[in-house]
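Asker: Pasting input-v2.txt here (compact mmCIF, C-alpha atoms and all ligand atoms):
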# COMPACT_ATOMS: atom_id res chain seq x y z
CA MET A 1 138.58 331.29 230.97
CA SER A 2 140.56 334.20 232.37
CA ILE A 3 143.78 333.61 234.22
CA GLN A 4 144.01 335.13 237.68
CA LEU A 5 147.31 336.97 238.08
CA ASP A 6 148.85 337.88 241.44
CA SER A 7 145.71 336.75 243.22
CA HIS A 8 147.54 336.79 246.54
CA THR A 9 148.39 340.28 247.66
CA GLY A 10 151.86 340.94 249.00
CA VAL A 11 153.37 338.05 247.06
CA ALA A 12 156.60 339.96 246.34
CA GLY A 13 157.03 340.93 249.99
CA ALA A 14 156.36 337.39 251.14
CA VAL A 15 158.91 336.01 248.66
CA HIS A 16 161.62 338.39 249.87
CA ALA A 17 160.86 337.80 253.53
CA GLN A 18 160.97 334.06 252.94
CA ALA A 19 164.24 334.29 250.99
CA GLU A 20 165.77 336.25 253.89
CA ARG A 21 164.65 333.65 256.43
CA ASP A 22 166.03 330.88 254.24
CA THR A 23 169.42 332.62 253.98
CA GLN A 24 169.51 332.88 257.78
CA ASP A 25 168.76 329.16 258.03
CA ALA A 26 171.43 328.43 255.35
CA LEU A 27 168.64 326.66 253.49
CA SER A 28 168.79 326.58 249.69
CA LEU A 29 166.11 325.68 247.16
CA GLU A 30 168.55 326.13 244.27
CA VAL A 31 168.80 323.37 241.65
CA THR A 32 171.01 322.80 238.62
CA LEU A 33 169.27 321.30 235.60
CA CYS A 34 171.63 320.29 232.77
CA GLY A 35 174.22 322.77 234.04
CA VAL A 36 171.70 325.64 234.25
CA ARG A 37 171.10 327.13 237.71
CA PHE A 38 167.49 327.70 238.88
CA ARG A 39 166.84 329.69 242.09
CA ASN A 40 164.20 327.11 243.00
CA PRO A 41 162.76 323.99 241.29
CA ILE A 42 159.32 325.40 240.36
CA VAL A 43 158.96 325.95 236.62
CA LEU A 44 156.00 327.29 234.64
CA ALA A 45 154.81 324.50 232.31
CA SER A 46 154.48 325.13 228.58
CA GLY A 47 151.34 326.69 227.12
CA ILE A 48 150.01 328.20 230.34
CA LEU A 49 150.76 331.89 229.86
CA GLY A 50 151.46 333.99 226.80
CA LEU A 51 154.60 336.08 226.69
CA SER A 52 154.07 339.81 227.20
CA GLU A 53 155.90 342.60 229.04
CA GLU A 54 153.19 342.61 231.72
CA ILE A 55 153.42 338.87 232.28
CA PHE A 56 157.27 338.94 232.45
CA ALA A 57 157.11 341.58 235.17
CA ARG A 58 154.54 339.59 237.15
CA LEU A 59 156.42 336.31 236.70
CA ALA A 60 159.64 337.97 237.88
CA ARG A 61 157.87 339.06 241.10
CA SER A 62 156.10 335.75 241.60
CA GLY A 63 159.12 333.86 242.96
CA ILE A 64 159.10 331.36 240.10
CA GLY A 65 162.24 329.27 239.41
CA GLY A 66 162.05 329.13 235.60
CA ILE A 67 159.59 329.43 232.74
CA THR A 68 158.72 327.31 229.73
CA THR A 69 157.34 329.12 226.69
CA LYS A 70 154.33 328.03 224.67
CA SER A 71 155.37 325.45 222.04
CA CYS A 72 156.26 327.18 218.78
CA SER A 73 156.31 325.73 215.28
CA LEU A 74 158.12 326.85 212.12
CA GLN A 75 154.96 328.51 210.74
CA PRO A 76 152.20 330.22 212.75
CA ARG A 77 149.38 327.91 213.83
CA VAL A 78 145.84 329.13 214.43
CA GLY A 79 144.89 326.18 216.64
CA TRP A 80 141.39 324.99 217.48
CA HIS A 81 138.31 327.19 217.91
CA ASN A 82 137.02 328.25 221.32
CA PRO A 83 136.23 326.85 223.79
CA THR A 84 139.75 325.45 224.06
CA ILE A 85 140.21 325.14 227.85
CA VAL A 86 137.45 324.08 230.26
CA SER A 87 137.55 323.31 233.98
CA TRP A 88 135.65 320.05 234.65
CA GLY A 89 135.78 319.96 238.44
CA HIS A 90 138.97 317.99 239.08
CA GLY A 91 141.27 319.77 236.65
CA LEU A 92 141.19 321.03 233.08
CA ILE A 93 140.49 319.59 229.67
CA ASN A 94 142.18 321.46 226.81
CA ALA A 95 142.52 321.35 223.08
CA VAL A 96 144.32 324.54 222.10
CA GLY A 97 145.83 322.96 219.02
CA LEU A 98 149.32 324.38 219.60
CA SER A 99 148.32 327.83 218.42
CA ASN A 100 151.40 330.04 218.24
CA PRO A 101 152.76 332.92 216.15
CA GLY A 102 155.58 330.88 214.57
CA VAL A 103 159.26 330.70 215.40
CA GLU A 104 160.21 334.09 213.95
CA VAL A 105 157.93 335.97 216.36
CA MET A 106 158.76 333.57 219.17
CA VAL A 107 162.50 334.29 218.84
CA GLU A 108 161.76 337.99 219.49
CA GLU A 109 159.47 337.14 222.42
CA ILE A 110 162.09 334.88 224.00
CA ARG A 111 164.71 337.63 223.62
CA ALA A 112 162.36 340.07 225.41
CA ALA A 113 161.71 337.48 228.14
CA ARG A 114 165.46 337.01 228.63
CA ARG A 115 165.96 340.74 229.12
CA HIS A 116 163.43 340.69 232.00
CA LEU A 117 164.05 337.33 233.60
CA GLN A 118 167.72 336.45 233.20
CA PRO A 119 169.02 339.31 235.40
CA LEU A 120 166.87 337.76 238.15
CA GLY A 121 168.34 334.32 237.54
CA VAL A 122 165.13 332.90 236.01
CA PRO A 123 166.05 330.58 233.12
CA ILE A 124 163.89 330.24 230.00
CA ILE A 125 163.01 326.92 228.42
CA ALA A 126 161.91 327.34 224.78
CA SER A 127 159.33 324.73 223.78
CA ILE A 128 159.22 323.58 220.15
CA PHE A 129 156.79 321.48 218.14
CA ALA A 130 157.01 320.18 214.55
CA THR A 131 155.28 317.59 212.40
CA THR A 132 158.43 316.08 210.82
CA ILE A 133 161.79 315.01 212.23
CA TYR A 134 163.54 317.34 209.78
CA ASP A 135 161.44 320.34 210.90
CA PHE A 136 162.26 319.63 214.54
CA GLY A 137 165.95 319.99 213.64
CA THR A 138 165.34 323.21 211.69
CA LEU A 139 163.27 324.66 214.54
CA ALA A 140 165.97 323.84 217.08
CA ARG A 141 168.45 325.80 214.96
CA TYR A 142 166.12 328.82 214.64
CA VAL A 143 165.02 328.94 218.25
CA SER A 144 168.66 328.68 219.39
CA GLU A 145 169.14 332.17 217.93
CA ALA A 146 167.11 333.52 220.87
CA GLU A 147 169.64 331.89 223.25
CA PRO A 148 167.16 330.14 225.55
CA ASP A 149 168.73 328.30 228.49
CA LEU A 150 167.19 325.00 227.40
CA ILE A 151 164.97 323.70 224.59
CA GLU A 152 161.93 321.54 225.38
CA VAL A 153 160.93 319.19 222.57
CA ASN A 154 157.17 318.68 222.60
CA ILE A 155 156.56 315.28 221.01
CA SER A 156 153.54 314.52 223.17
CA CYS A 157 150.62 316.87 222.42
CA PRO A 158 147.45 314.72 222.53
CA ASN A 159 145.43 317.21 220.43
CA LEU A 160 146.76 316.60 216.95
CA ASP A 161 144.73 316.00 213.85
CA ALA A 162 145.09 312.25 213.47
CA GLN A 163 144.79 312.46 209.69
CA HIS A 164 147.80 314.74 209.26
CA GLU A 165 149.94 314.57 212.32
CA GLU A 166 150.94 311.98 214.85
CA MET A 167 152.13 312.08 218.42
CA PHE A 168 155.81 311.14 217.98
CA SER A 169 156.18 310.10 221.60
CA SER A 170 154.08 306.98 221.06
CA ASN A 171 156.93 305.47 219.02
CA ALA A 172 160.29 304.92 220.70
CA TYR A 173 162.36 304.86 217.50
CA VAL A 174 160.81 308.07 216.11
CA SER A 175 161.16 309.79 219.51
CA GLY A 176 164.86 308.93 219.43
CA GLN A 177 165.27 310.27 215.89
CA VAL A 178 163.54 313.57 216.80
CA THR A 179 165.86 313.91 219.80
CA ARG A 180 168.90 313.27 217.61
CA ALA A 181 167.80 315.89 215.06
CA VAL A 182 167.23 318.50 217.76
CA LYS A 183 170.53 317.74 219.50
CA ARG A 184 172.42 318.17 216.24
CA ASN A 185 171.01 321.68 215.82
CA ALA A 186 170.50 323.02 219.36
CA ARG A 187 173.03 325.28 221.04
CA CYS A 188 171.81 324.47 224.56
CA PRO A 189 170.71 321.40 226.56
CA VAL A 190 167.62 319.56 225.31
CA VAL A 191 164.62 318.38 227.36
CA VAL A 192 162.17 315.94 225.70
CA LYS A 193 158.55 316.07 226.88
CA LEU A 194 156.89 312.65 227.01
CA SER A 195 153.31 311.45 227.00
CA PRO A 196 151.70 309.15 229.59
CA ASN A 197 149.48 307.74 226.81
CA VAL A 198 151.86 304.90 225.95
CA ASP A 199 152.30 301.27 227.00
CA ASN A 200 155.68 301.88 228.59
CA ILE A 201 157.01 305.40 229.11
CA VAL A 202 160.38 304.02 230.27
CA THR A 203 161.07 302.50 226.83
CA ILE A 204 160.52 305.92 225.22
CA ALA A 205 162.56 307.67 227.92
CA ARG A 206 165.49 305.27 227.42
CA GLU A 207 165.43 305.78 223.66
CA VAL A 208 165.48 309.59 223.88
CA ALA A 209 168.24 309.37 226.50
CA ASN A 210 170.27 307.08 224.23
CA ASN A 211 169.87 309.65 221.45
CA GLY A 212 171.24 312.52 223.49
CA ALA A 213 168.39 314.00 225.57
CA ASP A 214 169.86 315.90 228.51
CA ALA A 215 166.60 315.82 230.45
CA ILE A 216 163.06 314.48 230.25
CA CYS A 217 159.86 316.31 231.07
CA ALA A 218 157.18 313.90 232.30
CA ILE A 219 154.27 314.16 231.65
CA ASN A 220 152.16 315.97 229.07
CA SER A 221 148.40 315.87 229.58
CA LEU A 222 146.52 312.59 229.66
CA GLY A 223 144.07 311.41 227.05
CA PRO A 224 142.58 312.72 224.93
CA GLY A 225 139.47 312.76 227.09
CA MET A 226 135.97 314.10 226.61
CA VAL A 227 133.53 316.06 228.80
CA LEU A 228 129.92 316.50 227.70
CA ASP A 229 127.59 319.40 228.46
CA ILE A 230 124.46 317.48 229.44
CA GLU A 231 122.12 320.40 228.60
CA SER A 232 123.23 320.76 224.99
CA ALA A 233 124.30 317.10 224.76
CA LYS A 234 127.54 318.28 223.14
CA PRO A 235 131.24 318.08 224.05
CA VAL A 236 132.38 321.15 226.01
CA LEU A 237 135.42 321.61 223.76
CA ALA A 238 135.12 322.81 220.18
CA ASN A 239 137.61 320.07 219.22
CA ARG A 240 135.35 317.58 221.08
CA THR A 241 138.34 315.87 222.77
CA GLY A 242 141.31 317.27 224.64
CA GLY A 243 144.21 316.62 227.03
CA VAL A 244 143.24 316.08 230.67
CA SER A 245 145.35 317.83 233.32
CA GLY A 246 145.16 318.92 236.94
CA PRO A 247 145.05 317.12 240.31
CA ALA A 248 143.31 314.01 238.93
CA ILE A 249 146.35 313.01 236.85
CA ARG A 250 149.03 313.62 239.51
CA PRO A 251 149.37 309.99 240.68
CA ILE A 252 150.02 308.96 237.07
CA ALA A 253 152.63 311.71 236.67
CA VAL A 254 154.37 310.70 239.91
CA ARG A 255 154.48 307.07 238.80
CA CYS A 256 155.99 308.06 235.43
CA VAL A 257 158.64 310.26 237.06
CA TYR A 258 159.45 307.51 239.57
CA ASP A 259 159.75 304.81 236.88
CA ILE A 260 161.90 306.99 234.60
CA CYS A 261 164.23 308.11 237.40
CA ARG A 262 164.66 304.55 238.62
CA ALA A 263 165.26 303.08 235.16
CA LEU A 264 167.62 305.83 233.97
CA ARG A 265 169.65 306.16 237.16
CA GLY A 266 173.30 306.44 236.21
CA MET A 267 172.60 307.77 232.70
CA GLY A 268 172.93 311.41 233.83
CA VAL A 269 169.45 312.32 232.57
CA GLN A 270 167.47 314.66 234.82
CA VAL A 271 163.67 314.94 235.00
CA ILE A 272 161.17 317.81 235.16
CA GLY A 273 158.16 316.32 236.96
CA THR A 274 154.91 317.81 235.66
CA GLY A 275 151.27 316.83 236.01
CA GLY A 276 148.68 318.00 238.49
CA VAL A 277 151.10 319.68 240.91
CA THR A 278 148.93 322.07 242.93
CA ASP A 279 150.80 322.85 246.15
CA ALA A 280 154.09 322.36 248.04
CA ARG A 281 153.14 318.84 249.11
CA ASP A 282 152.71 317.79 245.47
CA ALA A 283 156.02 319.41 244.47
CA ILE A 284 157.84 317.60 247.30
CA GLU A 285 156.28 314.32 246.13
CA MET A 286 157.76 314.89 242.65
CA ILE A 287 161.21 315.60 244.13
CA LEU A 288 161.01 312.47 246.30
CA ALA A 289 160.23 310.53 243.10
CA GLY A 290 163.45 311.91 241.60
CA ALA A 291 162.49 315.12 239.78
CA THR A 292 165.06 317.93 239.65
CA CYS A 293 162.51 320.58 238.62
CA VAL A 294 158.74 320.60 239.03
CA GLY A 295 156.44 321.92 236.30
CA VAL A 296 153.24 323.75 237.27
CA GLY A 297 150.43 324.36 234.77
CA SER A 298 146.76 323.89 235.64
CA ALA A 299 147.29 325.24 239.19
CA VAL A 300 148.12 328.65 237.69
CA HIS A 301 144.71 328.67 236.00
CA ALA A 302 143.00 327.84 239.26
CA ARG A 303 145.01 329.92 241.72
CA GLY A 304 147.02 332.57 239.89
CA LEU A 305 150.71 333.40 240.12
CA GLY A 306 150.65 333.44 243.94
CA VAL A 307 150.92 329.66 243.74
CA PHE A 308 154.70 329.84 243.07
CA ALA A 309 155.62 331.69 246.27
CA GLU A 310 153.28 329.45 248.28
CA MET A 311 155.00 326.36 246.88
CA THR A 312 158.55 327.51 247.60
CA ALA A 313 157.55 328.63 251.11
CA GLY A 314 155.95 325.21 251.70
CA ILE A 315 159.02 323.35 250.43
CA ALA A 316 161.29 325.43 252.69
CA ASP A 317 159.03 324.67 255.64
CA TYR A 318 159.22 320.92 254.89
CA MET A 319 163.02 321.15 254.69
CA ARG A 320 163.18 322.92 258.07
CA ARG A 321 160.96 320.28 259.66
CA HIS A 322 163.14 317.48 258.28
CA GLY A 323 166.50 319.18 258.82
CA TYR A 324 167.34 319.33 255.09
CA ARG A 325 169.47 322.20 253.81
CA SER A 326 169.30 321.43 250.11
CA LEU A 327 166.98 319.57 247.76
CA ASP A 328 169.81 317.11 246.98
CA GLU A 329 169.34 315.70 250.47
CA PHE A 330 165.90 314.28 249.68
CA ARG A 331 165.62 314.14 245.89
CA GLY A 332 164.84 310.59 244.80
CA ARG A 333 164.47 309.39 248.40
CA ALA A 334 161.42 307.31 247.45
CA LEU A 335 163.36 305.39 244.81
C1 LIG B 401 147.54 322.17 222.81
O1 LIG B 401 148.05 323.20 222.37
O2 LIG B 401 146.51 321.70 222.32
C2 LIG B 401 148.17 321.47 223.98
C3 LIG B 401 149.63 321.42 223.88
C4 LIG B 401 150.22 320.18 224.48
O3 LIG B 401 149.54 319.46 225.22
O4 LIG B 401 151.39 319.87 224.22
Could you quickly redo this structure as structure tokens?
Ligand code: SIN

Answerer:
Amino acid sequence: MSIQLDSHTGVAGAVHAQAERDTQDALSLEVTLCGVRFRNPIVLASGILGLSEEIFARLARSGIGGITTKSCSLQPRVGWHNPTIVSWGHGLINAVGLSNPGVEVMVEEIRAARRHLQPLGVPIIASIFATTIYDFGTLARYVSEAEPDLIEVNISCPNLDAQHEEMFSSNAYVSGQVTRAVKRNARCPVVVKLSPNVDNIVTIAREVANNGADAICAINSLGPGMVLDIESAKPVLANRTGGVSGPAIRPIAVRCVYDICRALRGMGVQVIGTGGVTDARDAIEMILAGATCVGVGSAVHARGLGVFAEMTAGIADYMRRHGYRSLDEFRGRAL
């Protein structure tokens, strides 16, 4: 599947015009996540786009608030064979297998991304993935050399080889230990990305918070699921199963964000709400459920980078209609 970039012409102009109108209205979409300022709450979710000079330039023009890199591991990972991402009608199913060039290359890519995006006030969240608690700590130390604004700890990929690797986020104690190892080695705030595929996401969230997580990203994709091609009678993914994302999982994501924000109120842990967010309405829903930032993934596949400017314009419009001047005035209102 090819990703549509800048599908909406005049995106840059629209973003600037909108920003000017918002300044006149004294309306601000700015948020602070773990002490890091974002010009707006919309963040690219991990694993959606590769990092290249061309993509940095387009992201910078897209009006995005922040970006999350693809999860990197200590050593390069080839990942699963193609097809790895398939649209099934109500979202995507993916089993990429955490393919990445390894932390050494990723450190250079994050440095390049910083040169492009930080002057524009677009923070970078470096996502990391390891198969042992010790390696998570080592990775946090290495990736800190690139000076990302935050580190996202991916303990929730549903596409692991069950014989060799396990999803840490299904075990509260292990999730806490991973968080502790990363916190000991990271030189910036730490976000832990949780899975919806657990009995009680709040138990896991509380454990990572008690072990030092500064923020939680909820949720990773649902599943694994399976889609069959009825002509060949075979699964559409080479890995057979994969994580389910897109609009169909949004109500589950909203419920997870809501439950975590309600349960952890007073602990000073912020949330990035991710899962099926497609437009401004969906982003506002996440903020009402308590999210500080909103992650966008599958929608970029479907609609290109124009989706970011459309979302921020839609949020600003909602704020005007309701007389809000900042996101603080309605964040968590549903709680
Ligand atoms: C993958 O690379 O297979 C998906 C990554 C994730 O869901 O964390």

Asker: Please extract the residues at most 10 Å from ligand LIG 401 (chain B), counting all atoms listed in the file, and provide them as an NGL selection string, using the chain letters and residue numbers of this document.

Answerer: :A and (45-48 or 70-72 or 77 or 79-80 or 84-85 or 93-100 or 127-129 or 153-160 or 167 or 193-195 or 219-224 or 239 or 242-245)

Asker: Could you please determine the separation between atom CA of Ala280 of chain A and atom CA of Thr312 of chain A in Å, to one decimal place?

Answerer: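 That distance, rounded to one decimal, is 6.8 Å.
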
Asker: Enter the distance from atom CA of Ala205 of chain A to atom CA of Thr68 of chain A, in Å, rounded to one decimal.

Answerer: 20.1 Å

Asker: Compile the contact shell of Val257 of chain A as a ChimeraX atom specification: residues with an atom at most 8 Å away, counting only C-alpha atoms, same-chain residues fewer than 5 positions apart removed.

Answerer: /A:218-219,271,273,286,289-291

Asker: Atom CA of Arg281 of chain A and atom CA of Ile315 of chain A, how far apart in Å?

Answerer: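 So the two atoms, atom CA of Ile315 of chain A and atom CA of Arg281 of chain A, lie 7.5 Å apart.
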
Asker: Need the neighbours of (162.2, 328.9, 234.5): which residues are at most 8 Å away, counting all atoms listed in the file, as a PDB file with C-alpha atoms, keeping the file's coordinate frame?

Answerer:
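Below you can see point.pdb, which holds the result:
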ATOM      1  CA  PHE A  38     167.490 327.700 238.880  1.00  0.00           C
ATOM      2  CA  ILE A  42     159.320 325.400 240.360  1.00  0.00           C
ATOM      3  CA  VAL A  43     158.960 325.950 236.620  1.00  0.00           C
ATOM      4  CA  LEU A  44     156.000 327.290 234.640  1.00  0.00           C
ATOM      5  CA  ILE A  64     159.100 331.360 240.100  1.00  0.00           C
ATOM      6  CA  GLY A  65     162.240 329.270 239.410  1.00  0.00           C
ATOM      7  CA  GLY A  66     162.050 329.130 235.600  1.00  0.00           C
ATOM      8  CA  ILE A  67     159.590 329.430 232.740  1.00  0.00           C
ATOM      9  CA  THR A  68     158.720 327.310 229.730  1.00  0.00           C
ATOM     10  CA  VAL A 122     165.130 332.900 236.010  1.00  0.00           C
ATOM     11  CA  PRO A 123     166.050 330.580 233.120  1.00  0.00           C
ATOM     12  CA  ILE A 124     163.890 330.240 230.000  1.00  0.00           C
ATOM     13  CA  ILE A 125     163.010 326.920 228.420  1.00  0.00           C
TER      14      ILE A 125
END

Asker: Here is a test: counting all atoms listed in the file, which residue of A:Met226, A:Ile284, A:Cys217, A:Ile55 is nearest to Ile151 of chain A?

Answerer: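 The answer is A:Cys217, which sits nearest to Ile151 of chain A.
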
Asker: Rank nothing, just name the residue among A:Gln270, A:Thr138, A:Thr203, A:Thr292 nearest to Val191 of chain A, using all atoms listed in the file.

Answerer: A:Gln270

Asker: With a distance cut-off of 8 Å and all atoms listed in the file, select the neighbouring residues of segment 325-327 of chain A, excluding the residue or stretch itself and same-chain residues fewer than 6 positions from it, and output the selection as a list in words.

Answerer: Ala26, Leu27, Ser28, Leu29, Glu30, Val31, Ile287 and Met319 of chain A

Asker: With all atoms listed in the file as the basis for distance, which of A:Thr241, A:Asn40, A:Asn211, A:Thr32 is at the shortest distance from Ala316 of chain A?

Answerer: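 Checking each candidate against Ala316 of chain A, we get A:Asn40 as the closest.
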
Asker: Between A:Glu108, A:Val254, A:Ser298, A:Ser175, which one has atoms that come closest to Leu335 of chain A, using only C-alpha atoms?

Answerer: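 Comparing A:Glu108, A:Val254, A:Ser298, A:Ser175 against Leu335 of chain A, the winner is A:Val254.
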
Asker: Which residues are close to Glu329 of chain A, i.e. within 10 Å by all atoms listed in the file, leaving aside same-chain residues fewer than 5 positions away? Reply as a ChimeraX atom specification.

Answerer: /A:288,319,323-324

Asker: Closest to Asn171 of chain A among A:Ile249, A:Ala263, A:Val78, A:Val208, using only C-alpha atoms?

Answerer: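 Among A:Ile249, A:Ala263, A:Val78, A:Val208, it is A:Val208 that comes nearest to Asn171 of chain A.
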
Asker: Show me, as a PyMOL selection string, the residues that have an atom within 9 Å of Arg187 of chain A when counting all atoms listed in the file, minus same-chain residues fewer than 4 positions from it.

Answerer: chain A and resi 140-141+144-145+147-148+150-151+183

Asker: Would you mind putting back N, CA, C and O atoms on segment 244-263 of chain A, then writing it out as a CSV table (one decimal), keeping the file's coordinate frame?

Answerer:
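Result went into out-v2.csv, see below:
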chain,number,residue,atom,x,y,z
A,244,VAL,N,143.7,315.9,229.3
A,244,VAL,CA,143.2,316.1,230.7
A,244,VAL,C,144.4,316.4,231.6
A,244,VAL,O,145.4,315.7,231.5
A,245,SER,N,144.3,317.5,232.4
A,245,SER,CA,145.4,317.8,233.3
A,245,SER,C,144.8,318.2,234.7
A,245,SER,O,143.6,318.2,234.9
A,246,GLY,N,145.6,318.5,235.6
A,246,GLY,CA,145.2,318.9,236.9
A,246,GLY,C,145.3,317.8,238.0
A,246,GLY,O,145.8,316.7,237.6
A,247,PRO,N,144.8,318.0,239.2
A,247,PRO,CA,145.0,317.1,240.3
A,247,PRO,C,144.7,315.7,240.0
A,247,PRO,O,145.4,314.8,240.5
A,248,ALA,N,143.7,315.4,239.2
A,248,ALA,CA,143.3,314.0,238.9
A,248,ALA,C,144.4,313.2,238.3
A,248,ALA,O,144.4,312.0,238.4
A,249,ILE,N,145.3,313.8,237.6
A,249,ILE,CA,146.4,313.0,236.8
A,249,ILE,C,147.7,312.9,237.6
A,249,ILE,O,148.6,312.3,237.2
A,250,ARG,N,147.7,313.6,238.8
A,250,ARG,CA,149.0,313.6,239.5
A,250,ARG,C,149.6,312.2,239.9
A,250,ARG,O,150.8,312.0,239.7
A,251,PRO,N,148.8,311.3,240.4
A,251,PRO,CA,149.4,310.0,240.7
A,251,PRO,C,150.0,309.3,239.5
A,251,PRO,O,151.0,308.6,239.6
A,252,ILE,N,149.4,309.6,238.3
A,252,ILE,CA,150.0,309.0,237.1
A,252,ILE,C,151.4,309.6,236.8
A,252,ILE,O,152.3,309.0,236.4
A,253,ALA,N,151.4,311.0,236.9
A,253,ALA,CA,152.6,311.7,236.7
A,253,ALA,C,153.7,311.3,237.6
A,253,ALA,O,154.9,311.0,237.2
A,254,VAL,N,153.4,311.1,238.9
A,254,VAL,CA,154.4,310.7,239.9
A,254,VAL,C,154.9,309.3,239.6
A,254,VAL,O,156.1,309.1,239.6
A,255,ARG,N,154.0,308.4,239.2
A,255,ARG,CA,154.5,307.1,238.8
A,255,ARG,C,155.4,307.1,237.6
A,255,ARG,O,156.5,306.4,237.6
A,256,CYS,N,155.1,308.0,236.6
A,256,CYS,CA,156.0,308.1,235.4
A,256,CYS,C,157.4,308.6,235.8
A,256,CYS,O,158.4,308.1,235.4
A,257,VAL,N,157.4,309.7,236.6
A,257,VAL,CA,158.6,310.3,237.1
A,257,VAL,C,159.5,309.2,237.8
A,257,VAL,O,160.7,309.0,237.6
A,258,TYR,N,158.8,308.5,238.7
A,258,TYR,CA,159.4,307.5,239.6
A,258,TYR,C,160.1,306.4,238.7
A,258,TYR,O,161.2,306.1,238.8
A,259,ASP,N,159.3,305.9,237.8
A,259,ASP,CA,159.8,304.8,236.9
A,259,ASP,C,160.9,305.3,236.0
A,259,ASP,O,161.9,304.5,235.8
A,260,ILE,N,160.8,306.5,235.5
A,260,ILE,CA,161.9,307.0,234.6
A,260,ILE,C,163.2,307.2,235.4
A,260,ILE,O,164.3,306.8,235.0
A,261,CYS,N,163.0,307.8,236.6
A,261,CYS,CA,164.2,308.1,237.4
A,261,CYS,C,164.9,306.8,237.8
A,261,CYS,O,166.1,306.7,237.9
A,262,ARG,N,164.1,305.8,238.2
A,262,ARG,CA,164.7,304.6,238.6
A,262,ARG,C,165.4,303.8,237.5
A,262,ARG,O,166.5,303.4,237.6
A,263,ALA,N,164.7,303.8,236.3
A,263,ALA,CA,165.3,303.1,235.2
A,263,ALA,C,166.5,303.8,234.6
A,263,ALA,O,167.4,303.1,234.1
